[in-house]
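Asker: PDB, C-alpha atoms and all ligand atoms, file coords08.pdb:
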MODEL        1
ATOM      1  CA  MET A   1    -137.755   8.649-197.111  1.00  0.00           C
ATOM      2  CA  LEU A   2    -137.388   7.357-200.636  1.00  0.00           C
ATOM      3  CA  ASP A   3    -134.465   7.653-202.991  1.00  0.00           C
ATOM      4  CA  ILE A   4    -135.547   7.954-206.632  1.00  0.00           C
ATOM      5  CA  ASP A   5    -133.171   6.544-209.233  1.00  0.00           C
ATOM      6  CA  GLY A   6    -132.544   2.811-208.894  1.00  0.00           C
ATOM      7  CA  THR A   7    -135.013   2.684-205.991  1.00  0.00           C
ATOM      8  CA  LEU A   8    -138.430   3.751-207.302  1.00  0.00           C
ATOM      9  CA  THR A   9    -137.518   2.592-210.792  1.00  0.00           C
ATOM     10  CA  ARG A  10    -137.894  -0.884-212.312  1.00  0.00           C
ATOM     11  CA  ASP A  11    -134.173  -1.587-211.939  1.00  0.00           C
ATOM     12  CA  ARG A  12    -130.859   0.186-211.425  1.00  0.00           C
ATOM     13  CA  GLY A  13    -129.749   2.067-214.530  1.00  0.00           C
ATOM     14  CA  VAL A  14    -133.248   2.485-215.950  1.00  0.00           C
ATOM     15  CA  ASP A  15    -135.515   5.524-215.660  1.00  0.00           C
ATOM     16  CA  GLU A  16    -138.996   4.039-215.755  1.00  0.00           C
ATOM     17  CA  LEU A  17    -140.886   4.011-212.476  1.00  0.00           C
ATOM     18  CA  GLU A  18    -141.936   0.633-211.061  1.00  0.00           C
ATOM     19  CA  PRO A  19    -145.767   0.667-210.961  1.00  0.00           C
ATOM     20  CA  GLU A  20    -145.805  -1.643-207.890  1.00  0.00           C
ATOM     21  CA  ALA A  21    -143.728   0.922-205.949  1.00  0.00           C
ATOM     22  CA  VAL A  22    -146.070   3.750-206.896  1.00  0.00           C
ATOM     23  CA  ARG A  23    -149.070   1.613-205.900  1.00  0.00           C
ATOM     24  CA  ALA A  24    -147.528   0.762-202.509  1.00  0.00           C
ATOM     25  CA  VAL A  25    -146.638   4.413-201.856  1.00  0.00           C
ATOM     26  CA  GLN A  26    -150.252   5.355-202.554  1.00  0.00           C
ATOM     27  CA  GLU A  27    -151.502   2.601-200.207  1.00  0.00           C
ATOM     28  CA  ALA A  28    -149.241   3.915-197.419  1.00  0.00           C
ATOM     29  CA  ARG A  29    -149.778   7.671-197.824  1.00  0.00           C
ATOM     30  CA  GLY A  30    -151.911   9.101-195.071  1.00  0.00           C
ATOM     31  CA  ARG A  31    -150.786   6.249-192.774  1.00  0.00           C
ATOM     32  CA  VAL A  32    -147.166   7.449-192.629  1.00  0.00           C
ATOM     33  CA  LEU A  33    -145.416  10.609-193.764  1.00  0.00           C
ATOM     34  CA  ILE A  34    -143.572   9.846-197.007  1.00  0.00           C
ATOM     35  CA  GLY A  35    -140.785  12.005-198.418  1.00  0.00           C
ATOM     36  CA  ILE A  36    -138.055  11.924-201.021  1.00  0.00           C
ATOM     37  CA  ALA A  37    -134.270  12.265-200.645  1.00  0.00           C
ATOM     38  CA  THR A  38    -132.427  12.434-203.933  1.00  0.00           C
ATOM     39  CA  GLY A  39    -129.464  13.689-205.883  1.00  0.00           C
ATOM     40  CA  ASN A  40    -131.852  15.157-208.439  1.00  0.00           C
ATOM     41  CA  ALA A  41    -132.708  18.850-208.719  1.00  0.00           C
ATOM     42  CA  MET A  42    -135.529  20.089-206.467  1.00  0.00           C
ATOM     43  CA  ILE A  43    -137.882  20.672-209.395  1.00  0.00           C
ATOM     44  CA  VAL A  44    -137.468  17.045-210.504  1.00  0.00           C
ATOM     45  CA  ALA A  45    -138.073  15.721-206.974  1.00  0.00           C
ATOM     46  CA  LYS A  46    -141.111  17.961-206.431  1.00  0.00           C
ATOM     47  CA  SER A  47    -142.631  17.008-209.766  1.00  0.00           C
ATOM     48  CA  LEU A  48    -142.158  13.327-209.021  1.00  0.00           C
ATOM     49  CA  ALA A  49    -143.632  13.723-205.510  1.00  0.00           C
ATOM     50  CA  ARG A  50    -146.649  15.340-207.095  1.00  0.00           C
ATOM     51  CA  TYR A  51    -147.164  12.715-209.769  1.00  0.00           C
ATOM     52  CA  ILE A  52    -146.688   9.654-207.568  1.00  0.00           C
ATOM     53  CA  GLY A  53    -149.314  11.069-205.229  1.00  0.00           C
ATOM     54  CA  ILE A  54    -147.456  12.227-202.104  1.00  0.00           C
ATOM     55  CA  GLY A  55    -147.737  15.881-203.134  1.00  0.00           C
ATOM     56  CA  ALA A  56    -145.163  18.613-203.684  1.00  0.00           C
ATOM     57  CA  SER A  57    -145.507  19.685-200.031  1.00  0.00           C
ATOM     58  CA  ALA A  58    -144.052  16.352-198.802  1.00  0.00           C
ATOM     59  CA  PRO A  59    -140.625  16.551-197.113  1.00  0.00           C
ATOM     60  CA  ILE A  60    -138.098  16.629-199.924  1.00  0.00           C
ATOM     61  CA  ILE A  61    -134.312  16.576-199.939  1.00  0.00           C
ATOM     62  CA  ALA A  62    -132.675  17.427-203.274  1.00  0.00           C
ATOM     63  CA  GLU A  63    -129.174  17.853-204.678  1.00  0.00           C
ATOM     64  CA  ASN A  64    -127.820  15.234-202.248  1.00  0.00           C
ATOM     65  CA  GLY A  65    -128.742  17.296-199.187  1.00  0.00           C
ATOM     66  CA  CYS A  66    -128.059  20.855-200.363  1.00  0.00           C
ATOM     67  CA  LEU A  67    -131.739  21.769-200.573  1.00  0.00           C
ATOM     68  CA  ILE A  68    -134.735  20.813-198.479  1.00  0.00           C
ATOM     69  CA  SER A  69    -138.420  21.523-198.865  1.00  0.00           C
ATOM     70  CA  ILE A  70    -140.937  21.106-196.073  1.00  0.00           C
ATOM     71  CA  GLY A  71    -144.580  21.972-196.666  1.00  0.00           C
ATOM     72  CA  GLY A  72    -143.589  23.321-200.075  1.00  0.00           C
ATOM     73  CA  ARG A  73    -141.129  25.852-198.646  1.00  0.00           C
ATOM     74  CA  GLU A  74    -137.632  25.445-200.034  1.00  0.00           C
ATOM     75  CA  GLU A  75    -134.511  26.170-198.057  1.00  0.00           C
ATOM     76  CA  PRO A  76    -130.829  25.750-198.838  1.00  0.00           C
ATOM     77  CA  LEU A  77    -128.614  23.830-196.430  1.00  0.00           C
ATOM     78  CA  CYS A  78    -125.427  24.460-198.428  1.00  0.00           C
ATOM     79  CA  SER A  79    -123.781  27.852-198.440  1.00  0.00           C
ATOM     80  CA  ARG A  80    -121.329  27.309-201.274  1.00  0.00           C
ATOM     81  CA  SER A  81    -122.125  26.232-204.816  1.00  0.00           C
ATOM     82  CA  VAL A  82    -119.752  24.067-206.849  1.00  0.00           C
ATOM     83  CA  LYS A  83    -121.551  24.714-210.145  1.00  0.00           C
ATOM     84  CA  GLU A  84    -118.732  26.856-211.540  1.00  0.00           C
ATOM     85  CA  LEU A  85    -116.238  24.180-210.577  1.00  0.00           C
ATOM     86  CA  GLY A  86    -118.485  21.744-212.446  1.00  0.00           C
ATOM     87  CA  VAL A  87    -118.388  23.858-215.608  1.00  0.00           C
ATOM     88  CA  GLU A  88    -114.588  24.050-215.408  1.00  0.00           C
ATOM     89  CA  LEU A  89    -114.294  20.292-214.861  1.00  0.00           C
ATOM     90  CA  ALA A  90    -116.588  19.640-217.826  1.00  0.00           C
ATOM     91  CA  ARG A  91    -114.357  21.862-219.990  1.00  0.00           C
ATOM     92  CA  ARG A  92    -111.052  20.342-218.804  1.00  0.00           C
ATOM     93  CA  LEU A  93    -112.116  16.707-218.849  1.00  0.00           C
ATOM     94  CA  GLY A  94    -114.598  16.816-221.735  1.00  0.00           C
ATOM     95  CA  LEU A  95    -117.530  15.774-219.520  1.00  0.00           C
ATOM     96  CA  SER A  96    -121.210  16.253-220.317  1.00  0.00           C
ATOM     97  CA  LEU A  97    -123.161  18.209-217.739  1.00  0.00           C
ATOM     98  CA  SER A  98    -126.439  16.571-216.731  1.00  0.00           C
ATOM     99  CA  TYR A  99    -129.657  17.706-218.417  1.00  0.00           C
ATOM    100  CA  GLN A 100    -130.660  19.194-215.048  1.00  0.00           C
ATOM    101  CA  PHE A 101    -127.659  21.515-214.824  1.00  0.00           C
ATOM    102  CA  ASN A 102    -129.627  24.764-215.267  1.00  0.00           C
ATOM    103  CA  CYS A 103    -132.095  23.705-212.568  1.00  0.00           C
ATOM    104  CA  ARG A 104    -129.425  22.918-209.982  1.00  0.00           C
ATOM    105  CA  SER A 105    -128.286  25.404-207.343  1.00  0.00           C
ATOM    106  CA  PHE A 106    -125.323  23.890-205.513  1.00  0.00           C
ATOM    107  CA  ASP A 107    -124.190  20.571-206.908  1.00  0.00           C
ATOM    108  CA  ALA A 108    -122.991  19.759-210.406  1.00  0.00           C
ATOM    109  CA  ALA A 109    -123.820  16.432-212.024  1.00  0.00           C
ATOM    110  CA  PHE A 110    -122.254  14.806-215.068  1.00  0.00           C
ATOM    111  CA  GLU A 111    -123.614  12.146-217.359  1.00  0.00           C
ATOM    112  CA  ILE A 112    -121.928   8.757-216.964  1.00  0.00           C
ATOM    113  CA  THR A 113    -120.204   8.271-220.308  1.00  0.00           C
ATOM    114  CA  GLY A 114    -117.634   5.594-219.410  1.00  0.00           C
ATOM    115  CA  ASP A 115    -116.496   3.479-216.477  1.00  0.00           C
ATOM    116  CA  GLU A 116    -117.999   5.259-213.455  1.00  0.00           C
ATOM    117  CA  ASP A 117    -115.177   4.425-211.006  1.00  0.00           C
ATOM    118  CA  GLU A 118    -112.615   5.687-213.502  1.00  0.00           C
ATOM    119  CA  MET A 119    -114.644   8.887-214.035  1.00  0.00           C
ATOM    120  CA  VAL A 120    -114.855   9.476-210.272  1.00  0.00           C
ATOM    121  CA  ARG A 121    -111.054   9.006-209.951  1.00  0.00           C
ATOM    122  CA  ARG A 122    -110.328  11.411-212.837  1.00  0.00           C
ATOM    123  CA  ILE A 123    -112.650  14.089-211.464  1.00  0.00           C
ATOM    124  CA  ARG A 124    -111.263  13.738-207.924  1.00  0.00           C
ATOM    125  CA  SER A 125    -107.696  14.110-209.124  1.00  0.00           C
ATOM    126  CA  ALA A 126    -108.566  17.128-211.343  1.00  0.00           C
ATOM    127  CA  ILE A 127    -110.211  18.825-208.339  1.00  0.00           C
ATOM    128  CA  LYS A 128    -107.076  18.182-206.282  1.00  0.00           C
ATOM    129  CA  GLU A 129    -104.814  19.556-209.021  1.00  0.00           C
ATOM    130  CA  MET A 130    -106.967  22.694-209.187  1.00  0.00           C
ATOM    131  CA  GLY A 131    -106.523  23.144-205.425  1.00  0.00           C
ATOM    132  CA  GLU A 132    -110.311  22.974-204.934  1.00  0.00           C
ATOM    133  CA  GLU A 133    -112.343  21.043-202.401  1.00  0.00           C
ATOM    134  CA  ALA A 134    -115.439  19.053-203.296  1.00  0.00           C
ATOM    135  CA  GLN A 135    -116.874  15.565-202.846  1.00  0.00           C
ATOM    136  CA  VAL A 136    -117.262  13.330-205.883  1.00  0.00           C
ATOM    137  CA  GLU A 137    -119.547  10.306-205.941  1.00  0.00           C
ATOM    138  CA  SER A 138    -121.558   8.327-208.450  1.00  0.00           C
ATOM    139  CA  SER A 139    -125.237   7.619-207.847  1.00  0.00           C
ATOM    140  CA  GLY A 140    -125.198   5.090-210.677  1.00  0.00           C
ATOM    141  CA  TYR A 141    -127.165   7.624-212.755  1.00  0.00           C
ATOM    142  CA  ALA A 142    -124.839  10.627-212.653  1.00  0.00           C
ATOM    143  CA  ILE A 143    -121.483  11.596-211.200  1.00  0.00           C
ATOM    144  CA  HIS A 144    -122.072  14.277-208.587  1.00  0.00           C
ATOM    145  CA  VAL A 145    -119.633  16.979-207.542  1.00  0.00           C
ATOM    146  CA  MET A 146    -120.885  18.219-204.191  1.00  0.00           C
ATOM    147  CA  PRO A 147    -119.829  20.917-201.726  1.00  0.00           C
ATOM    148  CA  PRO A 148    -117.737  19.514-198.847  1.00  0.00           C
ATOM    149  CA  GLY A 149    -119.579  18.299-195.752  1.00  0.00           C
ATOM    150  CA  VAL A 150    -123.004  17.800-197.302  1.00  0.00           C
ATOM    151  CA  SER A 151    -124.841  14.507-197.730  1.00  0.00           C
ATOM    152  CA  LYS A 152    -128.371  13.209-197.744  1.00  0.00           C
ATOM    153  CA  SER A 153    -127.786  12.206-194.104  1.00  0.00           C
ATOM    154  CA  THR A 154    -127.034  15.753-192.870  1.00  0.00           C
ATOM    155  CA  ALA A 155    -130.261  16.880-194.530  1.00  0.00           C
ATOM    156  CA  ILE A 156    -132.274  13.977-193.092  1.00  0.00           C
ATOM    157  CA  LEU A 157    -131.130  14.880-189.564  1.00  0.00           C
ATOM    158  CA  GLU A 158    -132.195  18.494-190.210  1.00  0.00           C
ATOM    159  CA  VAL A 159    -135.583  17.491-191.629  1.00  0.00           C
ATOM    160  CA  CYS A 160    -136.192  15.194-188.608  1.00  0.00           C
ATOM    161  CA  ARG A 161    -135.306  18.075-186.274  1.00  0.00           C
ATOM    162  CA  ARG A 162    -137.658  20.469-188.018  1.00  0.00           C
ATOM    163  CA  LEU A 163    -140.547  18.005-188.123  1.00  0.00           C
ATOM    164  CA  GLY A 164    -139.981  16.983-184.500  1.00  0.00           C
ATOM    165  CA  VAL A 165    -139.526  13.383-185.614  1.00  0.00           C
ATOM    166  CA  ASP A 166    -137.059  10.928-184.053  1.00  0.00           C
ATOM    167  CA  CYS A 167    -134.723   9.792-186.865  1.00  0.00           C
ATOM    168  CA  GLY A 168    -134.697   6.400-185.120  1.00  0.00           C
ATOM    169  CA  ASP A 169    -138.300   6.005-186.315  1.00  0.00           C
ATOM    170  CA  VAL A 170    -137.507   6.967-189.908  1.00  0.00           C
ATOM    171  CA  ALA A 171    -136.979   4.510-192.772  1.00  0.00           C
ATOM    172  CA  TYR A 172    -134.758   5.367-195.711  1.00  0.00           C
ATOM    173  CA  ILE A 173    -134.700   3.168-198.821  1.00  0.00           C
ATOM    174  CA  GLY A 174    -131.916   3.414-201.368  1.00  0.00           C
ATOM    175  CA  ASP A 175    -129.710   1.616-203.849  1.00  0.00           C
ATOM    176  CA  GLY A 176    -126.471   3.513-204.472  1.00  0.00           C
ATOM    177  CA  ARG A 177    -123.282   4.915-202.988  1.00  0.00           C
ATOM    178  CA  THR A 178    -124.850   8.341-202.363  1.00  0.00           C
ATOM    179  CA  ASP A 179    -127.312   6.535-200.040  1.00  0.00           C
ATOM    180  CA  VAL A 180    -124.763   4.975-197.657  1.00  0.00           C
ATOM    181  CA  GLU A 181    -124.678   7.781-195.063  1.00  0.00           C
ATOM    182  CA  ALA A 182    -128.469   8.217-195.240  1.00  0.00           C
ATOM    183  CA  VAL A 183    -129.048   4.535-194.516  1.00  0.00           C
ATOM    184  CA  LYS A 184    -126.734   4.814-191.513  1.00  0.00           C
ATOM    185  CA  ALA A 185    -128.466   7.969-190.205  1.00  0.00           C
ATOM    186  CA  VAL A 186    -131.950   6.497-189.710  1.00  0.00           C
ATOM    187  CA  GLY A 187    -133.380   3.753-187.522  1.00  0.00           C
ATOM    188  CA  TRP A 188    -134.581   1.746-190.518  1.00  0.00           C
ATOM    189  CA  GLY A 189    -131.925   1.793-193.186  1.00  0.00           C
ATOM    190  CA  VAL A 190    -133.120  -0.274-196.132  1.00  0.00           C
ATOM    191  CA  ALA A 191    -131.215  -1.403-199.216  1.00  0.00           C
ATOM    192  CA  VAL A 192    -133.046  -2.849-202.192  1.00  0.00           C
ATOM    193  CA  ALA A 193    -131.825  -6.304-203.270  1.00  0.00           C
ATOM    194  CA  ASN A 194    -129.781  -4.980-206.201  1.00  0.00           C
ATOM    195  CA  ALA A 195    -128.157  -2.124-204.232  1.00  0.00           C
ATOM    196  CA  VAL A 196    -124.386  -1.676-204.371  1.00  0.00           C
ATOM    197  CA  PRO A 197    -122.563  -3.973-201.887  1.00  0.00           C
ATOM    198  CA  GLU A 198    -121.410  -0.974-199.750  1.00  0.00           C
ATOM    199  CA  LEU A 199    -125.060  -0.130-199.105  1.00  0.00           C
ATOM    200  CA  ARG A 200    -126.250  -3.687-198.517  1.00  0.00           C
ATOM    201  CA  GLY A 201    -123.427  -3.998-195.987  1.00  0.00           C
ATOM    202  CA  VAL A 202    -124.697  -1.153-193.773  1.00  0.00           C
ATOM    203  CA  ALA A 203    -128.468  -1.640-194.184  1.00  0.00           C
ATOM    204  CA  ARG A 204    -130.650  -2.971-191.376  1.00  0.00           C
ATOM    205  CA  ILE A 205    -132.910  -4.591-193.964  1.00  0.00           C
ATOM    206  CA  VAL A 206    -132.069  -5.809-197.460  1.00  0.00           C
ATOM    207  CA  THR A 207    -135.224  -6.461-199.455  1.00  0.00           C
ATOM    208  CA  LYS A 208    -135.659  -9.703-201.389  1.00  0.00           C
ATOM    209  CA  SER A 209    -136.814  -7.875-204.520  1.00  0.00           C
ATOM    210  CA  PRO A 210    -134.848  -5.324-206.518  1.00  0.00           C
ATOM    211  CA  SER A 211    -135.460  -1.570-206.908  1.00  0.00           C
ATOM    212  CA  GLY A 212    -139.156  -0.552-206.998  1.00  0.00           C
ATOM    213  CA  ARG A 213    -140.437  -4.045-206.226  1.00  0.00           C
ATOM    214  CA  GLY A 214    -138.177  -3.932-203.150  1.00  0.00           C
ATOM    215  CA  VAL A 215    -139.803  -0.648-202.126  1.00  0.00           C
ATOM    216  CA  ALA A 216    -143.267  -2.204-202.476  1.00  0.00           C
ATOM    217  CA  GLU A 217    -142.110  -5.251-200.478  1.00  0.00           C
ATOM    218  CA  PHE A 218    -140.751  -3.078-197.625  1.00  0.00           C
ATOM    219  CA  ILE A 219    -143.852  -0.860-197.486  1.00  0.00           C
ATOM    220  CA  ARG A 220    -146.262  -3.793-197.486  1.00  0.00           C
ATOM    221  CA  GLU A 221    -144.342  -5.928-194.975  1.00  0.00           C
ATOM    222  CA  HIS A 222    -142.969  -3.333-192.580  1.00  0.00           C
ATOM    223  CA  VAL A 223    -145.205  -0.266-192.908  1.00  0.00           C
ATOM    224  CA  LEU A 224    -148.622  -1.738-193.706  1.00  0.00           C
ATOM    225  CA  GLY A 225    -147.897  -5.012-191.877  1.00  0.00           C
ATOM    226  CA  ARG A 226    -149.303  -7.390-194.515  1.00  0.00           C
TER     227      ARG A 226
HETATM  228  O1  LIG A 301    -129.487  12.411-209.278  1.00  0.00           O
HETATM  229  C1  LIG A 301    -129.041  11.267-209.391  1.00  0.00           C
HETATM  230  O2  LIG A 301    -127.957  11.033-209.891  1.00  0.00           O
HETATM  231  C2  LIG A 301    -129.750  10.097-208.823  1.00  0.00           C
HETATM  232  O3  LIG A 301    -130.566  10.469-207.818  1.00  0.00           O
HETATM  233  P1  LIG A 301    -130.997   9.512-206.594  1.00  0.00           P
HETATM  234  O4  LIG A 301    -130.314  10.114-205.418  1.00  0.00           O
HETATM  235  O5  LIG A 301    -132.482   9.686-206.580  1.00  0.00           O
HETATM  236  O6  LIG A 301    -130.559   8.108-206.871  1.00  0.00           O
ENDMDL
END
I'd like the structure from this file rewritten - as C-alpha cells, please.

Answerer:
Amino acid sequence: MLDIDGTLTRDRGVDELEPEAVRAVQEARGRVLIGIATGNAMIVAKSLARYIGIGASAPIIAENGCLISIGGREEPLCSRSVKELGVELARRLGLSLSYQFNCRSFDAAFEITGDEDEMVRRIRSAIKEMGEEAQVESSGYAIHVMPPGVSKSTAILEVCRRLGVDCGDVAYIGDGRTDVEAVKAVGWGVAVANAVPELRGVARIVTKSPSGRGVAEFIREHVLGR
C-alpha cells in the first residue's frame, strides 16, 4: 500500500510525482497487488491510481481510513462526518479549508498556513472548548480533522480481511505522522529516508533514498528482488 504525498512525490512538501517511483510501480504491477492509502479525497486517490497505471479498481483507502474502494466499489468505514465541525473551526480560527473540501465526505482538511505543530495545538484546543470530539493530525501537506477512532490502519485491516490477505504479508510505505499506525499494522512497515522521526522509529525498513526514490528502492530491492 502506498501513501501519496511525501511518498510518491519527489520530496516531502512538494506535489510533483517522482518518475522513478511511477516507473517502479509499473514494473511491479501484475506481480503484486498495489493499492493506495491516503488522507486525500477518494476522487484524488482514484485519479492518481488510474494515471500511475494501477487502475481505479485497485484497493484504495481515502480520507485517512474513512472510505475504502475495492474493485472500484466505494464503501464508507466512518459513520460520522466532521465536515461541519471543520467549517466551524475554519470560521473561528480563520483557517483555509483544503481545495478538496467539496469532494470529501467525512474528514475536513485545512491548508498549512503557519507552524504545523502550533496549528494542530490550536485546533485541538478549539475542539475541546467546543465540547466536540475529533482527532487532529498533520500529514505535512494538510491538517486533518478526523472522526474519532479512524485511521489508515483500521482501514488496512478491513481491506486485508475483505481481500483474504494476511496483513503480515502487506507492505505499507509512508512518510508522515498520519502513517504511523499504518506502518505498525502491516508486516512490512516502510518509512522513506526523509520521513518524520516518529515514523522512522516504528518502521521495519527505512529506505536509503527519500520519498519517491525510496519507494522505487523498496520495490526494486524487496518486491522485484533486484
Ligand atoms: O491528504 C493529505 O494531507 C496527504 O495525504 P497522504 O496521506 O497521501 O500523505

Asker: In Å, with one decimal, what is the gap from CA of Pro210 (chain A) to CA of Val192 (chain A)?

Answerer: 5.3 Å

Asker: Mind running chain A against ligand LIG 301 (chain A) at 7 Å and telling me each contacting residue's nearest atom pair with the distance in Å (one decimal), counting all atoms listed in the file, chain and number ascending, as a tab-separated table?

Answerer:
residue	atom	partner	partner_atom	distance
A:Asp3	CA	A:LIG301	O5	4.6
A:Ile4	CA	A:LIG301	O5	3.5
A:Asp5	CA	A:LIG301	O6	3.9
A:Gly6	CA	A:LIG301	O6	6.0
A:Ala37	CA	A:LIG301	O4	6.6
A:Thr38	CA	A:LIG301	O4	3.5
A:Gly39	CA	A:LIG301	O1	3.6
A:Asn40	CA	A:LIG301	O1	3.7
A:Asn64	CA	A:LIG301	O4	6.5
A:Ser139	CA	A:LIG301	O2	4.8
A:Gly140	CA	A:LIG301	O2	6.6
A:Tyr141	CA	A:LIG301	O2	4.5
A:Ala142	CA	A:LIG301	O2	4.2
A:Ile143	CA	A:LIG301	O2	6.6
A:His144	CA	A:LIG301	O2	6.8
A:Gly176	CA	A:LIG301	O6	6.6
A:Thr178	CA	A:LIG301	O4	6.5

Asker: Residues as selected, C-alpha atoms, written as a tab-separated table (two decimals), in the coordinates of the input, can you do that?

Answerer:
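Below is the file that was written, selection_26.tsv:
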chain	number	residue	atom	x	y	z
A	3	ASP	CA	-134.46	7.65	-202.99
A	4	ILE	CA	-135.55	7.95	-206.63
A	5	ASP	CA	-133.17	6.54	-209.23
A	6	GLY	CA	-132.54	2.81	-208.89
A	37	ALA	CA	-134.27	12.26	-200.64
A	38	THR	CA	-132.43	12.43	-203.93
A	39	GLY	CA	-129.46	13.69	-205.88
A	40	ASN	CA	-131.85	15.16	-208.44
A	64	ASN	CA	-127.82	15.23	-202.25
A	139	SER	CA	-125.24	7.62	-207.85
A	140	GLY	CA	-125.20	5.09	-210.68
A	141	TYR	CA	-127.16	7.62	-212.76
A	142	ALA	CA	-124.84	10.63	-212.65
A	143	ILE	CA	-121.48	11.60	-211.20
A	144	HIS	CA	-122.07	14.28	-208.59
A	176	GLY	CA	-126.47	3.51	-204.47
A	178	THR	CA	-124.85	8.34	-202.36

Asker: Quick one: apply the PyMOL selection byres (((chain A and resi 97) around 9) and not hetatm) to the file and drop the selected residues here as a ChimeraX atom specification.

Answerer: /A:86-87,90,95-96,98-101,108-111

Asker: Expand the PyMOL selection byres (((chain A and resi 127-135) around 7) and not hetatm) into the individual residues it matches in the shown file, reporting them as a list in words.

Answerer: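 Applying the expression gives Ile123, Arg124, Ser125, Ala126, Val136, Glu137, Val145, Met146, Pro147 and Pro148 of chain A.
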
Asker: Decode the PyMOL selection byres (((chain A and resi 201) around 12) and not hetatm) for the given file into explicit residues and return them as a PDB file with C-alpha atoms, in the coordinates of the input.

Answerer:
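Heads up, here's the output in expr-v2.pdb:
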ATOM      1  CA  ASP A 175    -129.710   1.616-203.849  1.00  0.00           C
ATOM      2  CA  GLY A 176    -126.471   3.513-204.472  1.00  0.00           C
ATOM      3  CA  ARG A 177    -123.282   4.915-202.988  1.00  0.00           C
ATOM      4  CA  ASP A 179    -127.312   6.535-200.040  1.00  0.00           C
ATOM      5  CA  VAL A 180    -124.763   4.975-197.657  1.00  0.00           C
ATOM      6  CA  GLU A 181    -124.678   7.781-195.063  1.00  0.00           C
ATOM      7  CA  VAL A 183    -129.048   4.535-194.516  1.00  0.00           C
ATOM      8  CA  LYS A 184    -126.734   4.814-191.513  1.00  0.00           C
ATOM      9  CA  GLY A 189    -131.925   1.793-193.186  1.00  0.00           C
ATOM     10  CA  VAL A 190    -133.120  -0.274-196.132  1.00  0.00           C
ATOM     11  CA  ALA A 191    -131.215  -1.403-199.216  1.00  0.00           C
ATOM     12  CA  VAL A 192    -133.046  -2.849-202.192  1.00  0.00           C
ATOM     13  CA  ALA A 193    -131.825  -6.304-203.270  1.00  0.00           C
ATOM     14  CA  ALA A 195    -128.157  -2.124-204.232  1.00  0.00           C
ATOM     15  CA  VAL A 196    -124.386  -1.676-204.371  1.00  0.00           C
ATOM     16  CA  PRO A 197    -122.563  -3.973-201.887  1.00  0.00           C
ATOM     17  CA  GLU A 198    -121.410  -0.974-199.750  1.00  0.00           C
ATOM     18  CA  LEU A 199    -125.060  -0.130-199.105  1.00  0.00           C
ATOM     19  CA  ARG A 200    -126.250  -3.687-198.517  1.00  0.00           C
ATOM     20  CA  VAL A 202    -124.697  -1.153-193.773  1.00  0.00           C
ATOM     21  CA  ALA A 203    -128.468  -1.640-194.184  1.00  0.00           C
ATOM     22  CA  ARG A 204    -130.650  -2.971-191.376  1.00  0.00           C
ATOM     23  CA  ILE A 205    -132.910  -4.591-193.964  1.00  0.00           C
ATOM     24  CA  VAL A 206    -132.069  -5.809-197.460  1.00  0.00           C
TER      25      VAL A 206
END

Asker: Quick one: of A:Leu85, A:Val186, A:Val159, A:Cys167, who's nearest to Ser69 (chain A), counting all atoms listed in the file?

Answerer: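 Selected residue with least distance to Ser69 (chain A): A:Val159.
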
Asker: Take CA of Ala56 (chain A) and CA of Arg29 (chain A) and report the distance between them in Å, one decimal.

Answerer: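 Computing it gives 13.2 Å between the two atoms.
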
Asker: Around all the atoms of region 12-31 of chain A listed in the file, with 3 Å of room on each side, what axis-aligned box do you get, giving centre and edge lengths in Å to one decimal, as AutoDock Vina command-line options?

Answerer:
--center_x -140.8 --center_y 3.7 --center_z -204.4 --size_x 28.2 --size_y 16.7 --size_z 29.2

Asker: Measuring atom to atom with all atoms listed in the file, identify which of A:Gly72, A:Ile43, A:Arg50, A:Arg91 is nearest to Ser105 (chain A).

Answerer: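 Among A:Gly72, A:Ile43, A:Arg50, A:Arg91, it is A:Ile43 that comes nearest to Ser105 (chain A).
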
Asker: Quick one: of A:Glu158, A:Asp107, A:Glu16, A:Asp166, who's nearest to Ile70 (chain A), counting all atoms listed in the file?

Answerer: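 Closest candidate: A:Glu158.
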
Asker: My list of candidates is A:Leu2, A:Asp15, A:Val25, A:Glu20. Which is closest to Gly212 (chain A) when distances are computed with all atoms listed in the file?

Answerer: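 For Gly212 (chain A), the nearest of the given residues is A:Glu20.
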